[in-house]
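**Q** Let me begin by handing over the structure; questions about it come next.
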Amino acid sequence: MTTTVAFLGLGHMGGPMAANLVKAGHSVLGYDPVPEALAAAAGAGVEPAASATAAAAEAEVVLTMLPAGRQVLALYGEGGLLAAARPGTLFVDCSTIDVADSRAAHRAAVGAGHRALDAPVSGGVTGAEAATLTFMAGGGEAEFAAAEPLLAAMGRKVVHCGGAGAGQAAKICNNMILGISMIAVSEAFVLADSLGLSDRALFDVASAASGQCWALTVNCPVPGPVPGSPANRDYRPGFAAPLMAKDLGLAADAARAGGVDTELGLRAAALYAAYAEGEGADRDFSGIVRSIRARSAA
Ligand code: NAD
């Protein structure tokens, strides 16, 4: 069944995601304030709209893929999306945003007579291009059922995590595990080196032992053991360090708000914030191994 979708935010992720909706036969009206982003999406079959509200007014589903919660809330509210859309429009926010902002976006959409789902993603730009993203959704059963065919056209796995904000909660908890485990794996490689143990030997043991994890076996932070990992291409992303810093910041905010003692999560957030502001600004998050090595040598 063809659905008319307004796709707002056609950046690194949104551009290829919108293109995959077009490929799946949906009618996609797109908007992004950056002309190059809009033109690239138009090249992939997205119909450029004059504004976000113009796109939303025509759509059955409004999908947002924006940098942060403030853009989502601004677009819903003062940006006029909720007012412009037809009653009962399904608002699906795929951006990674604060759980509290996500719940506020749900309330605003429902309060204006619409339906809402949060559906952040994991899988990065390659996953967006290949339509192999994992979607983590939060919202009601009916909203999830309505959005699922669209999400399935852009991803490989779609998980309904619970009510409003549950998708965002799953995303930041997962990425807190990932950030902490990447630091742990990186510290282990630097320590192994100082003990005279080769990267290969540590990899062969830990990848088949209880140290096994995705940060080691897929995104290995040292060159060699996993030829496809960013370490083999001078840490070109992959998953850029500033995005990891952002997600760990969201997890840290949520932990503070809830009074949860995420000691390692807070430490990882601080380490990634420092890395992302410096050498890591345009590097994969696994490049943090280099700053650990640099600090160790000093
Ligand atoms: P991006 O900066 O490339 O894209 C965001 C786009 O939103 C930009 O093109 C920007 O011009 C547009 N935008 C801003 N305000 C707008 C408005 N009012 N109306 C319409 N468009 C507007 O960012 P991205 O890498 O595509 O990430 C988007 C979201 O996905 C973020 O929340 C990010 O955390 C999340 N995410 C990114 C990755 C990744 O690997 N890049 C992976 C998972 C999740």
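Each chain in the structure tokens gets a letter, A, B and so on, in the order shown; residues start at 1 in every chain, and ligands are counted from 1 in the order they appear.
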Give as a PyMOL selection string the residues surrounding ligand 1 up to a distance of 7 Å, considering only C-alpha atoms and all ligand atoms.

**A** chain A and resi 8-14+31-34+37+52+65-68+71+75+94-97+120-125+238-240+243

**Q** Those same residues, written as a PDB file, in the first residue's frame with C-alpha atoms?

**A**
ATOM      1  CA  LEU A   8      11.755  16.250   7.348  1.00  0.00           C
ATOM      2  CA  GLY A   9      15.529  16.272   7.816  1.00  0.00           C
ATOM      3  CA  LEU A  10      17.332  14.847   4.779  1.00  0.00           C
ATOM      4  CA  GLY A  11      20.875  14.730   6.196  1.00  0.00           C
ATOM      5  CA  HIS A  12      23.338  11.839   6.411  1.00  0.00           C
ATOM      6  CA  MET A  13      20.669   9.486   7.726  1.00  0.00           C
ATOM      7  CA  GLY A  14      17.423  11.030   6.514  1.00  0.00           C
ATOM      8  CA  TYR A  31      12.062  19.145   3.255  1.00  0.00           C
ATOM      9  CA  ASP A  32      15.438  20.263   4.583  1.00  0.00           C
ATOM     10  CA  PRO A  33      16.631  23.873   4.962  1.00  0.00           C
ATOM     11  CA  VAL A  34      19.975  22.897   3.382  1.00  0.00           C
ATOM     12  CA  ALA A  37      20.360  17.982   1.049  1.00  0.00           C
ATOM     13  CA  ALA A  52       8.118  21.517   6.395  1.00  0.00           C
ATOM     14  CA  MET A  65      15.195  12.775  11.285  1.00  0.00           C
ATOM     15  CA  LEU A  66      16.641  15.870  13.000  1.00  0.00           C
ATOM     16  CA  PRO A  67      19.780  16.625  15.021  1.00  0.00           C
ATOM     17  CA  ALA A  68      18.249  16.955  18.518  1.00  0.00           C
ATOM     18  CA  GLN A  71      14.578  20.957  16.619  1.00  0.00           C
ATOM     19  CA  LEU A  75       9.179  22.110  14.380  1.00  0.00           C
ATOM     20  CA  CYS A  94      13.397   8.781  14.210  1.00  0.00           C
ATOM     21  CA  SER A  95      15.938  11.302  15.587  1.00  0.00           C
ATOM     22  CA  THR A  96      17.936  10.379  18.706  1.00  0.00           C
ATOM     23  CA  ILE A  97      16.647  12.775  21.370  1.00  0.00           C
ATOM     24  CA  PRO A 120      15.211   6.030  16.806  1.00  0.00           C
ATOM     25  CA  VAL A 121      17.646   3.888  14.882  1.00  0.00           C
ATOM     26  CA  SER A 122      20.909   2.079  15.165  1.00  0.00           C
ATOM     27  CA  GLY A 123      23.068   1.073  12.203  1.00  0.00           C
ATOM     28  CA  GLY A 124      24.609   4.342  11.031  1.00  0.00           C
ATOM     29  CA  VAL A 125      24.827   5.773   7.533  1.00  0.00           C
ATOM     30  CA  GLY A 238      31.635   4.556  10.988  1.00  0.00           C
ATOM     31  CA  PHE A 239      29.942   5.947  14.005  1.00  0.00           C
ATOM     32  CA  ALA A 240      31.391   9.403  14.578  1.00  0.00           C
ATOM     33  CA  LEU A 243      27.413  11.243  17.970  1.00  0.00           C
TER      34      LEU A 243
END

**Q** Once DSSP has gone over the backbone, tell me which residues of segment 100-282 of chain A are in alpha helix (DSSP H), as a ChimeraX atom specification.

**A** /A:100-111,124-130,141-154,166-194,199-206,214-217,241-258,263-277

**Q** Would you pick out the contacts of Val22 of chain A at 12 Å or less, using only C-alpha atoms, so that residues sharing its chain but fewer than 4 positions from it are not included, and give the list as a list in words?

**A**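 Contacts, in chain order: Thr2, Thr3, Thr4, Val5, Ala6, Phe7, Gly15, Pro16, Met17, Ala18, His26, Ser27, Val28, Leu29, Gly30, Ala41, Ala42, Gly43, Ala44, Gly45, Val46, Glu47, Ala131, Leu150, Ala153 and Met154 of chain A.
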
**Q** Pull C-alpha atoms from the residues just selected and write them as a PDB file, in the first residue's frame.

**A**
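That gives us part-v1.pdb:
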ATOM      1  CA  THR A   2       1.360   3.425  -0.926  1.00  0.00           C
ATOM      2  CA  THR A   3       1.599   5.913   1.924  1.00  0.00           C
ATOM      3  CA  THR A   4       2.195   9.645   1.527  1.00  0.00           C
ATOM      4  CA  VAL A   5       5.071  10.520   3.841  1.00  0.00           C
ATOM      5  CA  ALA A   6       6.467  13.949   4.751  1.00  0.00           C
ATOM      6  CA  PHE A   7      10.171  13.366   5.424  1.00  0.00           C
ATOM      7  CA  GLY A  15      18.531  11.333   2.875  1.00  0.00           C
ATOM      8  CA  PRO A  16      19.124   7.624   2.282  1.00  0.00           C
ATOM      9  CA  MET A  17      16.177   6.625   4.493  1.00  0.00           C
ATOM     10  CA  ALA A  18      13.822   8.776   2.418  1.00  0.00           C
ATOM     11  CA  HIS A  26       5.802   5.275  -1.160  1.00  0.00           C
ATOM     12  CA  SER A  27       5.104   8.857  -2.121  1.00  0.00           C
ATOM     13  CA  VAL A  28       7.652  10.991  -0.242  1.00  0.00           C
ATOM     14  CA  LEU A  29       7.513  14.777   0.156  1.00  0.00           C
ATOM     15  CA  GLY A  30      10.795  15.995   1.587  1.00  0.00           C
ATOM     16  CA  ALA A  41      16.961  13.695  -2.037  1.00  0.00           C
ATOM     17  CA  ALA A  42      15.147  14.973  -5.138  1.00  0.00           C
ATOM     18  CA  GLY A  43      17.696  13.054  -7.218  1.00  0.00           C
ATOM     19  CA  ALA A  44      16.574   9.906  -5.404  1.00  0.00           C
ATOM     20  CA  GLY A  45      12.904  10.483  -6.206  1.00  0.00           C
ATOM     21  CA  VAL A  46      11.785  12.535  -3.196  1.00  0.00           C
ATOM     22  CA  GLU A  47       9.416  15.349  -4.136  1.00  0.00           C
ATOM     23  CA  ALA A 131      18.008  -0.371   4.546  1.00  0.00           C
ATOM     24  CA  LEU A 150       7.357   2.043   6.597  1.00  0.00           C
ATOM     25  CA  ALA A 153      11.217  -0.531   4.250  1.00  0.00           C
ATOM     26  CA  MET A 154      14.164   1.333   5.826  1.00  0.00           C
TER      27      MET A 154
END

**Q** Using only C-alpha atoms, which residues of segment 222-290 of chain A come within 10 Å of segment 173-183 of chain A, and what is the closest atom pair for each, with the distance in Å to one decimal? Give it as CSV, sorted by chain and residue number.

**A**
residue,atom,partner,partner_atom,distance
A:Ala241,CA,A:Gly179,CA,9.7
A:Met244,CA,A:Gly179,CA,6.9
A:Ala245,CA,A:Gly179,CA,8.6
A:Asp247,CA,A:Asn175,CA,6.6
A:Leu248,CA,A:Met176,CA,5.9
A:Gly249,CA,A:Met176,CA,9.4
A:Leu250,CA,A:Met176,CA,9.4
A:Ala251,CA,A:Met176,CA,6.7
A:Ala252,CA,A:Met176,CA,8.9
A:Ala254,CA,A:Cys173,CA,9.9
A:Thr262,CA,A:Met176,CA,9.4
A:Leu264,CA,A:Ile180,CA,6.7
A:Gly265,CA,A:Met176,CA,6.0
A:Leu266,CA,A:Met176,CA,9.2
A:Arg267,CA,A:Ile180,CA,8.5
A:Ala268,CA,A:Ile180,CA,5.8
A:Ala269,CA,A:Gly179,CA,8.0
A:Leu271,CA,A:Ile183,CA,8.9
A:Tyr272,CA,A:Gly179,CA,8.2
A:Phe285,CA,A:Met182,CA,8.1
A:Ser286,CA,A:Met182,CA,6.5
A:Gly287,CA,A:Met182,CA,9.6
A:Ile288,CA,A:Ile183,CA,7.3
A:Val289,CA,A:Ile183,CA,7.3

**Q** Please return as a list in words: the residues of segment 68-183 of chain A that backbone DSSP assigns to strand (DSSP E or B).

**A** Leu90, Phe91, Val92, Asp93, Arg115, Ala116, Leu117, Asp118, Val121, Ser122, Leu133, Thr134, Phe135, Met136, Ala137, Gly138, Gly155, Arg156, Lys157, Val158, Val159, His160, Cys161 and Gly162 of chain A

**Q** Limited to C-alpha atoms, could you put the picked residues into a file as a PDB file, in the first residue's frame?

**A**
ATOM      1  CA  LEU A  90       0.928   9.826  12.454  1.00  0.00           C
ATOM      2  CA  PHE A  91       4.077  11.631  13.676  1.00  0.00           C
ATOM      3  CA  VAL A  92       7.111   9.316  13.712  1.00  0.00           C
ATOM      4  CA  ASP A  93      10.302  10.794  15.151  1.00  0.00           C
ATOM      5  CA  ARG A 115      -0.853  10.066  16.737  1.00  0.00           C
ATOM      6  CA  ALA A 116       2.813   9.646  17.703  1.00  0.00           C
ATOM      7  CA  LEU A 117       5.632   7.117  17.774  1.00  0.00           C
ATOM      8  CA  ASP A 118       9.319   7.531  18.659  1.00  0.00           C
ATOM      9  CA  VAL A 121      17.646   3.888  14.882  1.00  0.00           C
ATOM     10  CA  SER A 122      20.909   2.079  15.165  1.00  0.00           C
ATOM     11  CA  LEU A 133      18.727  -0.212  10.283  1.00  0.00           C
ATOM     12  CA  THR A 134      17.360  -1.427  13.606  1.00  0.00           C
ATOM     13  CA  PHE A 135      14.360   0.629  14.765  1.00  0.00           C
ATOM     14  CA  MET A 136      13.444   0.878  18.452  1.00  0.00           C
ATOM     15  CA  ALA A 137       9.887   2.117  18.761  1.00  0.00           C
ATOM     16  CA  GLY A 138       7.892   3.685  21.598  1.00  0.00           C
ATOM     17  CA  GLY A 155      15.482  -1.332   8.180  1.00  0.00           C
ATOM     18  CA  ARG A 156      15.985  -5.001   8.921  1.00  0.00           C
ATOM     19  CA  LYS A 157      14.685  -5.146  12.468  1.00  0.00           C
ATOM     20  CA  VAL A 158      11.838  -3.217  14.082  1.00  0.00           C
ATOM     21  CA  VAL A 159      11.309  -3.654  17.835  1.00  0.00           C
ATOM     22  CA  HIS A 160       8.352  -2.289  19.798  1.00  0.00           C
ATOM     23  CA  CYS A 161       9.938  -1.367  23.140  1.00  0.00           C
ATOM     24  CA  GLY A 162       6.907   0.016  25.019  1.00  0.00           C
TER      25      GLY A 162
END

**Q** Find the distance between atom CA of Ala281 of chain A and atom CA of Pro221 of chain A and write it in Å to one decimal.

**A**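 Taking atom CA of Ala281 of chain A and atom CA of Pro221 of chain A, their separation equals 16.5 Å.
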
**Q** Applying 12 Å and only C-alpha atoms, which residues near Ala108 of chain A remain after dropping the ones on its own chain fewer than 3 positions away? List them as a PyMOL selection string.

**A** chain A and resi 72-78+80-83+91+101-105+111-117+164

**Q** If you measure from atom CA of Asp253 of chain A to atom CA of Asp98 of chain A, what distance in Å do you get, rounded to one decimal?

**A**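 These two atoms are separated by 8.2 Å.
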
**Q** Pick from A:Leu151, A:Pro35, A:Gly167, A:Gly140: nearest to Pro48 of chain A, with only C-alpha atoms counted?

**A**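 Result for the nearest residue to Pro48 of chain A: A:Pro35.
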